[in-house]
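For reference, the structure discussed in these notes is given below.
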Amino acid sequence: MSSVDFLSQEKIWFDKPRYDEAERRFYERTNGSSQPTQDVGANSILQDIARARENIQKSLAGLKTTLCNRGSGQPSLSRQSQLSSSSAADQGEIIGRIKSLELENHSLHKVVDDLRAALSKLECRVSVLEKSPASVTPVTTPSVPYTNGTTVQQKTSAPVKDDEEEDDDDIDLFGSDDDEEADKLKEQRLKEYAEKKAKKPGIIAKSSILLDVKPWDDETDMVKLEECVRSVQADGLLWGTSKLVPVGYGIKKLQIACVVEDDKVGTDMLEEEITKFEDYIQSVDVAAFNKI
């Protein structure tokens, strides 16, 4: 076993002839020597020797591997010591982590206990505050008027019983007169507002109308026709400009504008009044109608 181990661990330079040959060629090139190279047969012998050495080393390495695999069932003392040391280190690390987790758990328990204590205190305070209005009722203080008409309430800190509150509610020393004055003032202001709103004029809806007034023929006096149209008067009617527009064959029509209030004057009324002048007027048409 010792010889095999020695041969397997021995370092043999199998490629030395190649490196020697390369070194020789390098120096020959640098020195410019023209010496002939070694024979091809010598080179082949050296290569065979190198291959044999390489095969020997491979066989020794395989033998060592086989022996190691056979003896793997019984680990050496050094291996056992390494395993024991690594396991001890792992156990120490695990113990340290467990201790840190225990400390953290203890601190978290402490925080939870503090929160529970604070929550219980808050619940006690809320329960006391909820019960306090039912047991004690504050005194209703009457308002004291100032000279400028405003009122203030007197501060009192002593609680009283329900019977005393009922007695105080029955007797109102200051509130009745103020309520009557406030109602009168409110009614007066509402009345003034209604009067002011009634006096304000409303929006009057108006329209602009363009009428086409047609005569019977070309012999009709257009000046007299326009006078007849403008003679129609009514509340909310205002006549505007006019002009003569040729129709054909020498006949002209009167185109006249007017402004009317929608609630007072309509187009039907205008057509009816204008067509009463049958001697001059044949028909009346609405050429344009626009809201103002």
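Chain lettering (A, B, ...) mirrors the order of the structure tokens, residue numbering begins at 1 for each chain separately, and ligand numbering begins at 1 in order of display.
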
- [ ] Please provide as a PyMOL selection string all residues within 10 Å of Thr275 (chain A), with the sequence filter that same-chain residues fewer than 4 positions apart are discarded (counting only C-alpha atoms).
- [x] chain A and resi 213+228-229+270-271+279-284

TODO: Kindly give the distance, in Å, that separates CA of Arg53 (chain A) and CA of Asp15 (chain A), rounded to a single decimal.
DONE: 9.7 Å

Open item on the list: Let me make sure I understand: among A:Leu63, A:Cys124, A:Phe277, A:Ser107, which one has the smallest atom-to-atom distance to Lys224 (chain A) if we use only C-alpha atoms?
Closed with: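 Closest to Lys224 (chain A) of all the choices is A:Phe277.
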
- [ ] Find the residue from A:Lys199, A:Asp217, A:Leu108, A:Ser44 that sits nearest to Gly248 (chain A); use only C-alpha atoms when measuring.
- [x]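 Ranking A:Lys199, A:Asp217, A:Leu108, A:Ser44 by distance to Gly248 (chain A), first place goes to A:Asp217.
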